$ cat upload_29.txt   # compact mmCIF, C-alpha atoms
# COMPACT_ATOMS: atom_id res chain seq x y z
CA MET G 1 -12.62 -5.73 68.84
CA LYS G 2 -14.78 -2.86 67.71
CA PRO G 3 -14.84 0.21 69.97
CA TYR G 4 -18.03 1.59 71.44
CA ARG G 5 -19.91 3.91 69.10
CA LEU G 6 -18.73 6.94 71.09
CA PRO G 7 -16.34 9.05 68.96
CA VAL G 8 -12.83 9.46 70.37
CA GLN G 9 -10.64 12.01 68.54
CA ARG G 10 -6.93 11.27 68.40
CA ILE G 11 -4.63 14.28 68.85
CA ASN G 12 -1.75 15.13 66.48
CA ASP G 13 -3.32 13.06 63.69
CA GLY G 14 -2.81 10.00 65.85
CA LYS G 15 0.97 10.43 65.94
CA PRO G 16 2.91 10.26 69.22
CA ILE G 17 3.46 13.39 71.27
CA ILE G 18 6.50 11.80 72.98
CA THR G 19 8.89 9.35 71.28
CA PRO G 20 12.18 7.74 72.35
CA GLN G 21 15.33 9.81 71.90
CA GLY G 22 19.05 9.79 72.59
CA SER G 23 21.16 6.79 73.55
CA ALA G 24 20.56 6.58 77.31
CA TRP G 25 17.59 6.20 79.68
CA GLU G 26 14.84 7.10 77.15
CA SER G 27 16.29 5.60 73.98
CA GLY G 28 14.04 2.52 73.85
CA VAL G 29 10.45 3.39 74.77
CA THR G 30 8.54 6.39 76.18
CA PHE G 31 5.05 5.30 77.15
CA ASN G 32 2.35 4.87 79.88
CA ALA G 33 2.28 8.53 80.87
CA THR G 34 0.30 10.40 83.48
CA ALA G 35 -0.69 14.05 83.18
CA ILE G 36 -1.36 17.07 85.39
CA TYR G 37 -3.17 20.07 83.91
CA LEU G 38 -2.13 23.36 85.55
CA PRO G 39 -4.60 26.15 84.70
CA ARG G 40 -3.43 29.67 85.45
CA SER G 41 -3.66 30.69 89.12
CA GLU G 42 -1.37 32.28 91.67
CA LYS G 43 -0.27 28.89 93.03
CA ASN G 44 0.01 27.23 89.63
CA ASP G 45 1.91 30.16 88.11
CA ALA G 46 4.72 29.66 90.62
CA ILE G 47 4.98 26.01 89.55
CA ILE G 48 4.82 26.87 85.85
CA LEU G 49 7.58 29.47 86.20
CA LYS G 50 9.86 26.99 87.95
CA LEU G 51 9.19 24.18 85.48
CA LEU G 52 9.85 26.39 82.45
CA GLY G 53 12.72 28.37 84.01
CA LEU G 54 10.95 31.71 83.51
CA LYS G 55 10.84 34.89 85.58
CA GLU G 56 7.41 35.94 84.36
CA ILE G 57 4.58 34.57 82.23
CA SER G 58 4.19 36.88 79.26
CA ASP G 59 3.78 34.46 76.35
CA LYS G 60 0.16 34.29 75.13
CA LYS G 61 0.49 30.56 74.51
CA LEU G 62 0.60 30.12 78.30
CA ASP G 63 -2.71 31.92 78.90
CA ASP G 64 -4.54 28.63 79.51
CA GLY G 65 -1.75 27.12 81.59
CA VAL G 66 0.29 24.02 80.82
CA VAL G 67 0.07 20.24 80.89
CA ALA G 68 2.87 18.35 82.66
CA ILE G 69 3.24 14.84 81.25
CA PHE G 70 5.25 12.28 83.20
CA TYR G 71 6.14 9.28 81.07
CA ARG G 72 7.74 5.92 81.70
CA ALA G 73 10.96 5.43 79.72
CA ARG G 74 13.39 2.57 79.15
CA PRO G 75 16.73 2.41 77.32
CA LYS G 76 17.26 0.12 74.34
CA GLN G 77 19.90 -1.74 76.33
CA ASP G 78 20.70 -1.86 80.02
CA PRO G 79 23.74 -4.14 80.46
CA GLY G 80 24.02 -6.00 83.74
CA TYR G 81 20.29 -6.01 84.53
CA ARG G 82 17.60 -8.66 84.04
CA TRP G 83 15.72 -6.26 81.78
CA SER G 84 15.91 -2.61 80.82
CA ARG G 85 14.99 -0.62 83.89
CA SER G 86 12.23 1.98 83.80
CA TYR G 87 12.62 5.69 84.58
CA ILE G 88 10.12 8.54 84.71
CA GLY G 89 10.67 11.54 82.45
CA LEU G 90 8.87 14.88 82.21
CA ALA G 91 7.70 17.01 79.27
CA ILE G 92 5.71 20.27 79.45
CA PHE G 93 3.08 21.10 76.80
CA THR G 94 0.50 23.76 76.13
CA PRO G 95 -3.08 22.46 76.41
CA MET G 96 -3.01 22.20 72.58
CA PHE G 97 0.06 19.94 72.82
CA GLU G 98 2.74 22.31 71.65
CA LEU G 99 5.93 21.08 73.33
CA LEU G 100 7.42 23.74 75.62
CA LYS G 101 10.16 21.79 77.39
CA ARG G 102 11.42 18.22 77.73
CA PHE G 103 13.71 17.56 80.64
CA PRO G 104 17.02 15.87 79.72
CA GLU G 105 17.26 13.81 82.92
CA PRO G 106 14.73 11.54 84.64
CA ILE G 107 12.49 12.98 87.32
CA LEU G 108 12.43 9.63 89.14
CA SER G 109 15.00 6.84 88.75
CA PRO G 110 15.37 3.30 90.11
CA ALA G 111 17.41 2.76 93.25
CA ASN G 112 21.07 1.79 92.88
CA LYS G 113 20.58 -1.70 94.37
CA VAL G 114 18.47 -4.08 92.27
CA THR G 115 17.13 -5.66 95.46
CA ALA G 116 15.72 -2.32 96.65
CA TYR G 117 11.95 -1.90 96.33
CA ASP G 118 12.33 -0.07 92.99
CA GLY G 119 15.82 -1.19 91.99
CA LEU G 120 14.62 -2.79 88.74
CA GLY G 121 12.43 0.11 87.73
CA VAL G 122 9.92 2.85 88.50
CA GLU G 123 6.92 2.03 86.33
CA ASP G 124 3.57 3.46 85.21
CA PRO G 125 3.19 6.67 87.25
CA ARG G 126 -0.18 8.14 88.20
CA ILE G 127 -0.08 11.59 89.83
CA THR G 128 -2.86 12.92 92.04
CA ARG G 129 -3.00 16.44 93.43
CA ILE G 130 -4.37 16.59 96.96
CA ASP G 131 -4.48 20.11 98.40
CA ASP G 132 -1.04 21.65 97.68
CA THR G 133 0.86 18.38 97.30
CA PHE G 134 1.30 16.09 94.30
CA TYR G 135 1.45 12.37 95.00
CA CYS G 136 2.94 10.01 92.45
CA VAL G 137 1.82 6.39 92.79
CA TYR G 138 4.04 4.07 90.79
CA CYS G 139 4.98 0.42 90.55
CA GLY G 140 8.37 -0.29 92.08
CA VAL G 141 10.06 -3.49 90.94
CA ALA G 142 12.73 -5.29 92.98
CA ASP G 143 14.96 -8.22 92.03
CA LYS G 144 14.53 -11.11 94.48
CA LEU G 145 17.71 -12.78 93.10
CA ASN G 146 15.96 -16.14 92.78
CA GLY G 147 14.58 -15.73 89.28
CA ASP G 148 11.53 -13.89 90.62
CA TYR G 149 10.74 -10.22 91.21
CA GLN G 150 8.58 -8.21 93.61
CA ALA G 151 6.18 -5.54 92.33
CA SER G 152 4.93 -3.02 94.90
CA ILE G 153 2.76 0.07 94.95
CA CYS G 154 5.10 2.93 95.86
CA LEU G 155 4.57 6.58 96.66
CA ALA G 156 6.51 9.80 96.05
CA ARG G 157 5.47 13.39 96.75
CA SER G 158 6.28 16.87 95.49
CA THR G 159 5.07 20.44 95.82
CA ASP G 160 6.53 21.69 92.53
CA LEU G 161 6.38 18.64 90.17
CA PHE G 162 10.15 18.75 89.76
CA THR G 163 11.68 17.75 93.10
CA TRP G 164 10.30 14.45 94.36
CA GLU G 165 10.68 12.69 97.70
CA LYS G 166 10.33 8.92 97.57
CA LEU G 167 8.21 7.57 100.43
CA GLY G 168 8.73 3.90 99.58
CA PRO G 169 6.12 1.13 99.30
CA VAL G 170 2.80 2.00 100.91
CA GLN G 171 1.97 0.08 104.07
CA GLY G 172 -0.79 -2.45 104.55
CA GLU G 173 -2.56 -5.28 102.79
CA VAL G 174 -1.85 -4.00 99.28
CA ASN G 175 1.88 -4.82 99.29
CA PHE G 176 4.52 -7.41 100.19
CA PRO G 177 4.49 -9.70 102.12
CA HIS G 178 0.80 -10.02 101.37
CA ILE G 179 0.84 -9.85 97.57
CA LYS G 180 2.40 -8.44 94.39
CA ASN G 181 0.64 -5.34 93.13
CA LYS G 182 0.45 -2.90 90.23
CA ASP G 183 -1.77 -0.12 88.84
CA GLY G 184 -2.05 2.00 91.97
CA VAL G 185 -4.22 5.11 91.55
CA LEU G 186 -5.18 7.59 94.29
CA PHE G 187 -8.55 9.32 94.31
CA PRO G 188 -8.15 13.13 94.20
CA GLU G 189 -9.86 13.84 97.52
CA LYS G 190 -10.95 12.27 100.76
CA ILE G 191 -14.34 10.58 100.76
CA GLU G 192 -16.12 10.50 104.13
CA GLY G 193 -12.79 11.24 105.80
CA LYS G 194 -10.89 8.37 104.14
CA TYR G 195 -8.33 8.15 101.34
CA PHE G 196 -9.12 5.62 98.60
CA LEU G 197 -6.82 3.74 96.24
CA LEU G 198 -7.48 1.64 93.15
CA HIS G 199 -5.01 -1.20 92.66
CA ARG G 200 -4.58 -4.56 90.95
CA PRO G 201 -3.10 -7.29 93.15
CA TYR G 202 -1.93 -10.58 91.68
CA HIS G 203 -0.17 -13.87 92.33
CA ASN G 204 1.96 -15.69 89.78
CA GLU G 205 -0.27 -18.75 90.04
CA LEU G 206 -3.53 -16.86 89.41
CA PRO G 207 -5.12 -17.01 85.94
CA LEU G 208 -5.12 -13.68 84.13
CA SER G 209 -8.92 -13.57 84.27
CA ASP G 210 -8.62 -13.10 88.06
CA PHE G 211 -6.53 -9.93 87.61
CA SER G 212 -9.12 -7.33 88.60
CA ILE G 213 -9.45 -3.84 90.07
CA HIS G 214 -9.59 -3.68 93.86
CA LEU G 215 -10.33 -0.81 96.24
CA ALA G 216 -8.34 0.03 99.36
CA MET G 217 -8.86 2.66 102.05
CA ALA G 218 -6.66 4.36 104.65
CA ASP G 219 -6.58 7.19 107.17
CA SER G 220 -3.26 8.48 105.79
CA LEU G 221 -1.56 8.26 102.41
CA PRO G 222 1.46 6.09 103.34
CA GLY G 223 -1.01 3.71 104.99
CA VAL G 224 -1.82 1.46 106.68
CA TRP G 225 -4.02 0.51 103.69
CA LYS G 226 -6.92 -1.91 104.13
CA ASN G 227 -7.93 -3.83 101.02
CA CYS G 228 -11.72 -3.74 100.75
CA GLY G 229 -11.68 -6.26 97.90
CA GLU G 230 -12.53 -6.59 94.23
CA ILE G 231 -14.79 -3.98 92.65
CA LEU G 232 -14.45 -4.49 88.88
CA HIS G 233 -13.79 -7.77 87.06
CA SER G 234 -13.39 -8.45 83.35
CA PHE G 235 -16.38 -9.46 81.28
CA ILE G 236 -16.53 -12.77 79.46
CA ASN G 237 -15.73 -11.90 75.84
CA PRO G 238 -16.45 -14.56 73.18
CA GLU G 239 -13.62 -13.17 71.01
CA CYS G 240 -11.06 -13.81 73.75
CA CYS G 241 -9.70 -16.86 75.51
CA ASP G 242 -8.81 -14.72 78.53
CA SER G 243 -9.52 -11.14 79.66
CA TRP G 244 -8.57 -9.02 82.65
CA VAL G 245 -8.77 -5.41 83.84
CA GLY G 246 -6.56 -2.94 85.70
CA ALA G 247 -6.82 0.62 86.96
CA GLY G 248 -6.01 3.45 84.56
CA SER G 249 -5.89 7.18 85.21
CA VAL G 250 -6.81 9.28 88.25
CA PRO G 251 -10.62 9.34 88.71
CA ILE G 252 -12.27 12.62 87.69
CA PRO G 253 -14.85 14.02 90.16
CA ILE G 254 -18.27 14.66 88.60
CA GLY G 255 -20.08 15.70 91.78
CA ASP G 256 -22.15 14.09 94.54
CA LYS G 257 -19.41 11.56 95.46
CA LYS G 258 -19.34 10.26 91.89
CA TYR G 259 -16.25 9.81 89.68
CA LEU G 260 -15.51 9.19 86.03
CA VAL G 261 -13.01 6.32 85.88
CA ILE G 262 -11.00 5.29 82.81
CA TYR G 263 -9.39 1.84 83.06
CA HIS G 264 -7.61 -0.68 80.84
CA ILE G 265 -8.76 -4.06 79.57
CA GLY G 266 -6.32 -6.79 78.59
CA ASN G 267 -7.21 -9.69 76.31
CA PHE G 268 -5.73 -12.80 74.77
CA LEU G 269 -7.52 -13.22 71.45
CA LYS G 270 -8.99 -16.54 70.35
CA LYS G 271 -7.83 -16.03 66.76
CA ASP G 272 -4.25 -16.21 68.04
CA LYS G 273 -3.73 -17.32 71.65
CA ASN G 274 -0.34 -15.58 71.70
CA LEU G 275 -1.80 -12.26 70.52
CA ARG G 276 -2.73 -9.67 73.14
CA GLU G 277 -4.91 -6.61 72.82
CA TYR G 278 -5.23 -3.81 75.37
CA ASP G 279 -8.33 -1.59 75.21
CA LEU G 280 -9.83 1.20 77.34
CA GLY G 281 -13.08 1.21 79.25
CA ALA G 282 -15.01 3.86 81.20
CA ALA G 283 -17.14 3.67 84.33
CA ILE G 284 -18.92 5.80 86.90
CA PHE G 285 -18.09 5.02 90.52
CA ASP G 286 -20.72 6.19 93.04
CA PHE G 287 -19.62 6.28 96.68
CA ASN G 288 -23.05 7.18 98.05
CA ASN G 289 -23.75 3.52 98.72
CA PHE G 290 -20.19 2.49 99.60
CA SER G 291 -19.85 -0.51 101.90
CA GLU G 292 -16.57 -2.01 103.12
CA LYS G 293 -18.17 -5.44 102.97
CA GLN G 294 -19.56 -4.97 99.45
CA PRO G 295 -17.25 -2.44 97.77
CA ALA G 296 -18.36 -3.41 94.23
CA VAL G 297 -21.64 -1.55 94.73
CA ILE G 298 -19.80 1.68 93.85
CA VAL G 299 -19.60 0.58 90.17
CA ASP G 300 -22.74 2.28 88.88
CA LYS G 301 -22.22 2.45 85.11
CA ARG G 302 -19.76 0.77 82.76
CA LEU G 303 -18.98 1.23 79.07
CA GLU G 304 -16.46 -0.80 77.06
CA PRO G 305 -14.53 -0.85 74.96
CA LEU G 306 -14.25 2.94 74.83
CA MET G 307 -11.10 2.84 72.71
CA VAL G 308 -9.15 0.09 70.94
CA PRO G 309 -5.83 0.00 69.02
CA GLU G 310 -6.37 1.31 65.50
CA THR G 311 -3.33 3.31 64.31
CA LYS G 312 0.13 2.05 63.41
CA TRP G 313 1.48 3.65 66.58
CA GLU G 314 -0.90 1.53 68.64
CA ILE G 315 -0.84 -1.68 66.61
CA GLU G 316 2.87 -2.04 65.92
CA ALA G 317 5.52 -2.80 68.57
CA PRO G 318 8.96 -1.84 67.20
CA TYR G 319 10.87 -2.34 70.47
CA SER G 320 12.01 -5.90 71.17
CA ASP G 321 10.26 -5.93 74.56
CA SER G 322 7.15 -4.06 73.40
CA VAL G 323 3.65 -5.48 73.09
CA ALA G 324 1.62 -4.90 69.92
CA ASN G 325 -2.05 -3.84 69.84
CA VAL G 326 -1.99 -1.68 72.96
CA VAL G 327 -3.72 1.44 74.24
CA PHE G 328 -2.83 1.72 77.94
CA ILE G 329 -3.88 4.72 80.00
CA CYS G 330 -2.23 6.28 83.05
CA GLY G 331 -3.29 9.91 82.54
CA SER G 332 -6.43 11.95 81.88
CA TYR G 333 -7.74 15.41 82.69
CA GLU G 334 -10.58 17.78 81.85
CA TYR G 335 -10.06 20.84 79.64
CA LYS G 336 -12.75 23.04 78.03
CA GLY G 337 -15.46 20.41 78.14
CA ASP G 338 -13.35 17.52 76.89
CA ILE G 339 -11.70 14.63 78.68
CA TYR G 340 -8.13 14.26 77.41
CA LEU G 341 -6.68 10.76 77.45
CA ILE G 342 -2.89 10.40 77.73
CA TYR G 343 -1.94 6.84 76.92
CA GLY G 344 0.76 4.45 75.80
CA GLY G 345 0.52 3.07 72.27
CA GLY G 346 2.12 -0.19 71.14
CA ASP G 347 3.89 -0.32 74.50
CA THR G 348 6.32 2.19 72.98
CA TYR G 349 4.99 5.74 72.55
CA THR G 350 2.98 8.40 74.42
CA LEU G 351 -0.12 9.56 72.57
CA ALA G 352 -3.18 11.70 73.29
CA ALA G 353 -6.86 11.66 72.44
CA LYS G 354 -9.99 13.45 73.61
CA VAL G 355 -13.67 12.74 74.06
CA ASN G 356 -16.44 15.18 74.88
CA LYS G 357 -17.20 14.93 78.60
CA GLN G 358 -20.95 15.49 78.32
CA VAL G 359 -21.35 12.98 75.50
CA LEU G 360 -19.33 10.40 77.42
CA LEU G 361 -21.38 10.88 80.58
CA GLU G 362 -24.64 10.67 78.62
CA GLU G 363 -23.56 7.41 77.03
CA LEU G 364 -22.50 6.06 80.41
CA GLN G 365 -25.91 6.93 81.85
CA LYS G 366 -27.49 4.78 79.14
CA SER G 367 -25.25 1.86 80.07
CA ASP G 368 -25.14 -0.37 83.13
CA SER G 369 -22.79 -3.00 84.53
CA THR G 370 -23.99 -5.86 82.36
CA ASN G 371 -21.84 -7.67 79.84
CA PRO G 372 -22.06 -5.98 76.41
CA TYR G 373 -20.47 -8.98 74.69
CA ILE G 374 -23.06 -11.60 75.69
CA LYS G 375 -26.74 -10.63 75.70
CA ASN G 376 -28.69 -11.30 78.88
CA LYS G 377 -25.52 -12.25 80.74
CA THR G 378 -24.32 -10.12 83.63
CA ASN G 379 -20.78 -9.68 84.75
CA PHE G 380 -19.54 -11.74 87.66
CA LEU G 381 -18.49 -9.37 90.43
$ encode --input "upload_29.txt" --output "C-alpha cells"
Amino acid sequence: MKPYRLPVQRINDGKPIITPQGSAWESGVTFNATAIYLPRSEKNDAIILKLLGLKEISDKKLDDGVVAIFYRARPKQDPGYRWSRSYIGLAIFTPMFELLKRFPEPILSPANKVTAYDGLGVEDPRITRIDDTFYCVYCGVADKLNGDYQASICLARSTDLFTWEKLGPVQGEVNFPHIKNKDGVLFPEKIEGKYFLLHRPYHNELPLSDFSIHLAMADSLPGVWKNCGEILHSFINPECCDSWVGAGSVPIPIGDKKYLVIYHIGNFLKKDKNLREYDLGAAIFDFNNFSEKQPAVIVDKRLEPLMVPETKWEIEAPYSDSVANVVFICGSYEYKGDIYLIYGGGDTYTLAAKVNKQVLLEELQKSDSTNPYIKNKTNFL
C-alpha cells in the first residue's frame, strides 16, 4: 500500500541501527524497540553517568543527552523450548544515533520456568517515564503445557534504566483469566487523576479484524485495571482480505489533554492471502470528552498509513521465524522539532526514522476518523 503523502525520513540511509550479534541471546533477531530520550539535566545526568560508566560528562557529543533504546532479541536457536525465547537488550546512542554503548547481557530475561508468566519470553517493551520512575510494559508469554500459551501484559519498574524490578502481570480485566493480551502502552501522566493504558486483547477464536486497540484505566499502575472497551478499529481496506490494529509507542503529550499516538496496522493482502504487511498509522487522542461508556470519542484525528515497508531491511525476513514486509513501532520521542520513530523492520532489525512534528500535526488536523480507503465510508467503531 502507498504511504500517506507526508514525508518520513529514514535514519542511517534506511539501514538498521541495531542488528543481531554473537551466538547467544541476541544472535537471531533484534527488533521491536522502545526508546527513552534523556536530555541533559541534574537528574538525567546521574542516569547517563551510570549507564555509560562515567565519572563526569565532558564529551561534547553528550551535550544534548542520550537515547536509551531497549530492543527485543531472540537467539537463532533455543534448544528445549517451543520457540526461541525473547529477551530485552539495551543500547545507548547520541541523539544523532552514534552508538555509545551496547550492553552484553539482557536487561530483562524470561523466568526460568516456562510455565511462569514470562517463562517463554519478554516481548515488545514500551517504557514510560512517570515522575522519577520508569515503567516497562511488556508482553509476558507462558507455556500452558497443552499446546497453547498465555500472553499477558506485564510490568517492570526502574529508577536508573539499568536495574529493573519485575512486578508481574498487571491486575484486572486486561489479563488472564479474562483474556490474552498484547501491546500494552502506558500514558505518560495521569489524566483526571487516573492512569490510562492502551492494549490489544484477543481470543484465539476471534477473526484478526476484531483485533483492535482498547483503553483501560486504573487508580494505581499494578491495577486493578478496568477495561473501558474498544477505541480504535481497523478500516476496511479493499487491497486486503483482513486488517487489524494494535498499540504502538508511548503517546506524546501535545497539550490540553491531547496526545499524538503512533500505532501499527496489520494486513493480509488480497494479492496473496498468505502475505502480511505491517504499516504505521498516527492519531490524535483528545481526553476532553472522555467517557467510560463511550471511550472511542477520544479518537479525534486519524491518518494512515503514515509509513509502509519500503527498504530491503523492512521487506525481507532473513530469520526463519521472521515476517516479511513489516514496520512495527514500540518507541518514539520528540527531539528538536521532530518525532523520531524507533521500529522493527522485517521482524528482524531495529531501525529509526523521523518526521517533522508540526507538519505531522498539521496533516492530522486536516484528517478525521473516516476511512481513507473507501470514499464516503466511515470506520466502524
$ atom_distance --input "upload_29.txt" --atom1 "CA of Tyr259 (chain G)" --atom2 "CA of Leu38 (chain G)"
20.0 Å
$ closest_residue --input "upload_29.txt" --among "G:Ala73, G:Ile339, G:Gly248, G:Leu351" --to "Gly22 (chain G)" --atoms "only C-alpha atoms"
G:Ala73
$ residues_near_point --input "upload_29.txt" --point "(13.0, -11.8, 97.5)" --cutoff "12 Å" --atoms "all atoms listed in the file" --output "ChimeraX atom specification"
/G:114-117,141-151,176-177,180
$ residues_around --input "upload_29.txt" --residues "Ile265 (chain G)" --least-positions-apart "3" --cutoff "8 Å" --atoms "all atoms listed in the file" --output "count of residues only"
9
$ atom_distance --input "upload_29.txt" --atom1 "CA of Glu98 (chain G)" --atom2 "CA of Lys50 (chain G)"
18.4 Å
$ closest_atom_pairs --input "upload_29.txt" --of "region 49-93 of chain G" --to "region 309-327 of chain G" --cutoff "12 Å" --atoms "all atoms listed in the file" --output "JSON lines"
{"residue": "G:Arg74", "atom": "CA", "partner": "G:Asp321", "partner_atom": "CA", "distance": 10.2}
{"residue": "G:Pro75", "atom": "CA", "partner": "G:Tyr319", "partner_atom": "CA", "distance": 10.2}
{"residue": "G:Lys76", "atom": "CA", "partner": "G:Tyr319", "partner_atom": "CA", "distance": 7.9}
{"residue": "G:Gln77", "atom": "CA", "partner": "G:Ser320", "partner_atom": "CA", "distance": 10.3}
{"residue": "G:Trp83", "atom": "CA", "partner": "G:Asp321", "partner_atom": "CA", "distance": 9.1}
{"residue": "G:Ser84", "atom": "CA", "partner": "G:Asp321", "partner_atom": "CA", "distance": 9.1}
{"residue": "G:Arg85", "atom": "CA", "partner": "G:Asp321", "partner_atom": "CA", "distance": 11.7}
$ atom_distance --input "upload_29.txt" --atom1 "CA of Asn12 (chain G)" --atom2 "CA of Ile342 (chain G)"
12.3 Å
$ residues_near_point --input "upload_29.txt" --point "(-0.5, 14.2, 67.7)" --cutoff "9 Å" --atoms "only C-alpha atoms" --output "ChimeraX atom specification"
/G:10-17,97,351-353
$ closest_residue --input "upload_29.txt" --among "G:Leu108, G:Leu198, G:Ala24, G:Ile127" --to "Ala68 (chain G)" --atoms "all atoms listed in the file"
G:Ile127
$ closest_residue --input "upload_29.txt" --among "G:Leu275, G:Ile284, G:Met307, G:Val359" --to "Cys241 (chain G)" --atoms "only C-alpha atoms"
G:Leu275
$ residues_around --input "upload_29.txt" --residues "Gly119 (chain G)" --least-positions-apart "6" --cutoff "6 Å" --atoms "only C-alpha atoms" --output "PyMOL selection string"
chain G and resi 110-111+113+142
$ residues_around --input "upload_29.txt" --residues "Glu105 (chain G)" --least-positions-apart "6" --cutoff "10 Å" --atoms "all atoms listed in the file" --output "NGL selection string"
:G and (24-26 or 87-90)
$ residues_around --input "upload_29.txt" --residues "Tyr37 (chain G)" --least-positions-apart "5" --cutoff "8 Å" --atoms "all atoms listed in the file" --output "PyMOL selection string"
chain G and resi 65-68+95+333
$ residues_around --input "upload_29.txt" --residues "region 215-231 of chain G" --least-positions-apart "3" --cutoff "7 Å" --atoms "all atoms listed in the file" --output "JSON, numbers by chain"
{"G": [170, 171, 172, 173, 174, 194, 195, 196, 197, 198, 199, 212, 292, 295, 296, 381]}
$ axis_aligned_box --input "upload_29.txt" --around "region 272-286 of chain G" --padding-each-side "6 Å" --output "JSON"
{"center_x": -10.5, "center_y": -5.6, "center_z": 80.5, "size_x": 32.4, "size_y": 35.5, "size_z": 37.0}
$ closest_residue --input "upload_29.txt" --among "G:Met1, G:Val122, G:Ala46, G:Leu341" --to "Arg276 (chain G)" --atoms "all atoms listed in the file"
G:Met1
$ closest_residue --input "upload_29.txt" --among "G:Asp338, G:Lys366, G:Cys330, G:Glu304" --to "Pro3 (chain G)" --atoms "all atoms listed in the file"
G:Glu304
$ closest_residue --input "upload_29.txt" --among "G:Glu56, G:Leu208, G:Thr133, G:Leu269" --to "Thr163 (chain G)" --atoms "all atoms listed in the file"
G:Thr133
$ decode --input "upload_29.txt" --residues "region 245-257 of chain G" --atoms "N, CA, C and O atoms" --output "PDB file, in the first residue's frame"
ATOM      1  N   VAL G 245      -5.478  -3.670  14.001  1.00  0.00           N
ATOM      2  CA  VAL G 245      -4.599  -2.636  14.548  1.00  0.00           C
ATOM      3  C   VAL G 245      -4.170  -3.028  15.958  1.00  0.00           C
ATOM      4  O   VAL G 245      -4.814  -3.828  16.633  1.00  0.00           O
ATOM      5  N   GLY G 246      -3.064  -2.433  16.394  1.00  0.00           N
ATOM      6  CA  GLY G 246      -2.566  -2.625  17.753  1.00  0.00           C
ATOM      7  C   GLY G 246      -1.806  -1.392  18.190  1.00  0.00           C
ATOM      8  O   GLY G 246      -1.339  -0.601  17.355  1.00  0.00           O
ATOM      9  N   ALA G 247      -1.683  -1.215  19.503  1.00  0.00           N
ATOM     10  CA  ALA G 247      -0.985  -0.047  20.033  1.00  0.00           C
ATOM     11  C   ALA G 247       0.483  -0.061  19.627  1.00  0.00           C
ATOM     12  O   ALA G 247       1.054  -1.113  19.334  1.00  0.00           O
ATOM     13  N   GLY G 248       1.098   1.107  19.603  1.00  0.00           N
ATOM     14  CA  GLY G 248       2.483   1.245  19.167  1.00  0.00           C
ATOM     15  C   GLY G 248       3.368   1.789  20.269  1.00  0.00           C
ATOM     16  O   GLY G 248       3.688   1.106  21.234  1.00  0.00           O
ATOM     17  N   SER G 249       3.760   3.053  20.135  1.00  0.00           N
ATOM     18  CA  SER G 249       4.686   3.654  21.092  1.00  0.00           C
ATOM     19  C   SER G 249       3.936   4.481  22.127  1.00  0.00           C
ATOM     20  O   SER G 249       2.724   4.697  22.031  1.00  0.00           O
ATOM     21  N   VAL G 250       4.678   4.956  23.131  1.00  0.00           N
ATOM     22  CA  VAL G 250       4.081   5.743  24.209  1.00  0.00           C
ATOM     23  C   VAL G 250       3.513   7.047  23.637  1.00  0.00           C
ATOM     24  O   VAL G 250       4.201   7.770  22.904  1.00  0.00           O
ATOM     25  N   PRO G 251       2.249   7.368  23.934  1.00  0.00           N
ATOM     26  CA  PRO G 251       1.652   8.615  23.433  1.00  0.00           C
ATOM     27  C   PRO G 251       2.467   9.838  23.841  1.00  0.00           C
ATOM     28  O   PRO G 251       2.992   9.914  24.960  1.00  0.00           O
ATOM     29  N   ILE G 252       2.546  10.805  22.932  1.00  0.00           N
ATOM     30  CA  ILE G 252       3.307  12.035  23.164  1.00  0.00           C
ATOM     31  C   ILE G 252       2.339  13.163  23.481  1.00  0.00           C
ATOM     32  O   ILE G 252       1.471  13.492  22.668  1.00  0.00           O
ATOM     33  N   PRO G 253       2.445  13.793  24.672  1.00  0.00           N
ATOM     34  CA  PRO G 253       1.530  14.894  25.014  1.00  0.00           C
ATOM     35  C   PRO G 253       1.723  16.082  24.068  1.00  0.00           C
ATOM     36  O   PRO G 253       2.855  16.466  23.753  1.00  0.00           O
ATOM     37  N   ILE G 254       0.601  16.657  23.620  1.00  0.00           N
ATOM     38  CA  ILE G 254       0.674  17.861  22.775  1.00  0.00           C
ATOM     39  C   ILE G 254      -0.145  19.001  23.375  1.00  0.00           C
ATOM     40  O   ILE G 254      -0.393  20.007  22.716  1.00  0.00           O
ATOM     41  N   GLY G 255      -0.530  18.841  24.656  1.00  0.00           N
ATOM     42  CA  GLY G 255      -1.220  19.904  25.373  1.00  0.00           C
ATOM     43  C   GLY G 255      -2.727  19.745  25.402  1.00  0.00           C
ATOM     44  O   GLY G 255      -3.328  19.126  24.519  1.00  0.00           O
ATOM     45  N   ASP G 256      -3.345  20.316  26.438  1.00  0.00           N
ATOM     46  CA  ASP G 256      -4.799  20.356  26.580  1.00  0.00           C
ATOM     47  C   ASP G 256      -5.413  18.955  26.560  1.00  0.00           C
ATOM     48  O   ASP G 256      -6.414  18.719  25.880  1.00  0.00           O
ATOM     49  N   LYS G 257      -4.794  18.015  27.270  1.00  0.00           N
ATOM     50  CA  LYS G 257      -5.278  16.637  27.374  1.00  0.00           C
ATOM     51  C   LYS G 257      -5.322  15.917  26.017  1.00  0.00           C
ATOM     52  O   LYS G 257      -6.107  14.991  25.820  1.00  0.00           O
TER      53      LYS G 257
END
